[in-house]
Each structure stands twice: as structure tokens, then as C-alpha cells.
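**Student:** Structure file query02.cif (mmCIF, C-alpha atoms) is given on the next line.
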data_coords
loop_
_atom_site.group_PDB
_atom_site.id
_atom_site.type_symbol
_atom_site.label_atom_id
_atom_site.label_comp_id
_atom_site.auth_asym_id
_atom_site.auth_seq_id
_atom_site.Cartn_x
_atom_site.Cartn_y
_atom_site.Cartn_z
ATOM 1 C CA MET F 130 9.572 -13.750 137.309
ATOM 2 C CA LYS F 131 7.463 -12.227 134.562
ATOM 3 C CA LYS F 132 10.489 -10.352 133.243
ATOM 4 C CA ALA F 133 12.527 -13.547 133.058
ATOM 5 C CA GLY F 134 9.752 -15.355 131.205
ATOM 6 C CA ARG F 135 9.392 -12.491 128.787
ATOM 7 C CA ALA F 136 13.159 -12.454 128.187
ATOM 8 C CA VAL F 137 13.257 -16.203 127.540
ATOM 9 C CA LEU F 138 10.279 -15.952 125.190
ATOM 10 C CA THR F 139 11.894 -13.060 123.330
ATOM 11 C CA VAL F 140 15.170 -14.941 122.883
ATOM 12 C CA ALA F 141 13.310 -18.056 121.696
ATOM 13 C CA LEU F 142 11.261 -16.074 119.190
ATOM 14 C CA VAL F 143 14.332 -14.282 117.850
ATOM 15 C CA ALA F 144 16.136 -17.618 117.462
ATOM 16 C CA LEU F 145 13.121 -19.098 115.684
ATOM 17 C CA LEU F 146 12.864 -16.111 113.365
ATOM 18 C CA LEU F 147 16.585 -16.212 112.612
ATOM 19 C CA GLY F 148 16.359 -19.927 111.876
ATOM 20 C CA ALA F 149 13.415 -19.366 109.536
ATOM 21 C CA VAL F 150 15.321 -16.643 107.695
ATOM 22 C CA CYS F 151 18.354 -18.927 107.345
ATOM 23 C CA VAL F 152 16.218 -21.767 105.973
ATOM 24 C CA GLY F 153 14.486 -19.377 103.568
ATOM 25 C CA VAL F 154 17.790 -18.025 102.277
ATOM 26 C CA GLY F 155 19.096 -21.572 101.963
ATOM 27 C CA PHE F 156 16.133 -22.607 99.825
ATOM 28 C CA MET F 157 16.457 -19.486 97.662
ATOM 29 C CA THR F 158 20.107 -20.303 96.980
ATOM 30 C CA GLY F 159 19.349 -23.855 95.889
ATOM 31 C CA ALA F 160 19.817 -25.905 99.048
ATOM 32 C CA ASP F 161 17.788 -29.045 99.656
ATOM 33 C CA LEU F 162 16.885 -30.893 102.837
ATOM 34 C CA SER F 163 18.674 -34.106 101.907
ATOM 35 C CA ARG F 164 21.989 -32.248 101.753
ATOM 36 C CA VAL F 165 21.378 -30.632 105.139
ATOM 37 C CA TYR F 166 20.415 -33.985 106.655
ATOM 38 C CA SER F 167 23.457 -35.746 105.200
ATOM 39 C CA THR F 168 25.757 -33.022 106.525
ATOM 40 C CA LEU F 169 24.239 -33.214 110.013
ATOM 41 C CA ASP F 170 24.230 -37.021 109.907
ATOM 42 C CA GLN F 171 27.894 -37.056 108.982
ATOM 43 C CA ARG F 172 28.781 -34.757 111.878
ATOM 44 C CA TYR F 173 26.375 -35.943 114.612
ATOM 45 C CA ASN F 174 25.536 -39.507 113.452
ATOM 46 C CA LEU F 175 21.787 -38.860 113.490
ATOM 47 C CA GLY F 176 20.903 -42.186 111.911
ATOM 48 C CA ALA F 177 22.275 -44.212 114.823
ATOM 49 C CA TYR F 178 20.613 -42.113 117.492
ATOM 50 C CA GLN F 179 17.378 -41.105 115.760
ATOM 51 C CA GLU F 180 15.198 -43.295 117.987
ATOM 52 C CA ALA F 181 16.894 -41.986 121.136
ATOM 53 C CA TYR F 182 16.474 -38.375 119.989
ATOM 54 C CA THR F 183 12.810 -38.982 119.211
ATOM 55 C CA GLU F 184 12.214 -40.592 122.611
ATOM 56 C CA TYR F 185 14.038 -37.766 124.410
ATOM 57 C CA ALA F 186 12.044 -35.114 122.530
ATOM 58 C CA GLY F 187 8.824 -36.904 123.499
ATOM 59 C CA GLU F 188 9.843 -37.001 127.164
ATOM 60 C CA VAL F 189 10.735 -33.308 127.155
ATOM 61 C CA LEU F 190 7.480 -32.400 125.418
ATOM 62 C CA GLY F 191 5.531 -34.503 127.932
ATOM 63 C CA ALA F 192 7.247 -32.808 130.871
ATOM 64 C CA VAL F 193 6.597 -29.352 129.443
ATOM 65 C CA THR F 194 2.957 -30.203 128.770
ATOM 66 C CA GLU F 195 2.545 -31.602 132.287
ATOM 67 C CA ALA F 196 4.159 -28.535 133.857
ATOM 68 C CA TRP F 197 2.014 -26.238 131.739
ATOM 69 C CA GLN F 198 -1.207 -27.948 132.883
ATOM 70 C CA GLU F 199 -0.441 -27.891 136.610
ATOM 71 C CA PRO F 200 -2.159 -25.051 138.471
ATOM 72 C CA ALA F 201 0.084 -22.326 139.819
ATOM 73 C CA ALA F 202 0.759 -22.563 143.546
#
Starting from the coordinates I provided, produce the structure as C-alpha cells.

**Tutor:**
Amino acid sequence: MKKAGRAVLTVALVALLLGAVCVGVGFMTGADLSRVYSTLDQRYNLGAYQEAYTEYAGEVLGAVTEAWQEPAA
């Protein structure tokens, strides 16, 4: 199980690092956040579902926090 956790953590860290590099390159080439948001909003309709996304993210974060705090069996 430790190997699986380490693999998941490694993949998550690589994805986070790759995302940070992409954002950094985007800012260096003149991108701005309003353009990114408008593009994503046009494709995924973020404005209509923003409250639902926020609520879902809160529920997921709460479940992860709860699972993290439970003692191992």
C-alpha cells in the first residue's frame, strides 16, 4: 500500500509542477487570468455552476480531512 501511495503522490506532484510551469510560461508570454477564465467559462459554463463546484470542492475537502484525521485500523 505504501508503494501505491507513493506512486499517487508522485503523479500528483508531477501534475502540479507541470501545471505551474504551464502557468508560468503563459504569464511570460502575455496571458492574463481573465482570458483563461473566459475561455473556460465559454467551454464549461463555469458561471452557471460556480456555486455547485464550490460546494462539491468543500464536500471533497471535508471528506479528505475527515479521512486523514481518523486513526489507522

**Student:** Just how far from atom CA of F:Gly187 is atom CA of F:Asn174, in Å to one decimal?

**Tutor:**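 Taking atom CA of F:Asn174 as the start and atom CA of F:Gly187 as the end point, the length is 19.7 Å.
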
**Student:** Quick check, in Å to one decimal: how far apart do atom CA of F:Val193 and atom CA of F:Ala141 lie?

**Tutor:** 15.3 Å

**Student:** If you measure from atom CA of F:Leu145 to atom CA of F:Met157, what distance in Å do you get, rounded to one decimal?

**Tutor:**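 Going from atom CA of F:Leu145 over to atom CA of F:Met157 covers 18.3 Å.
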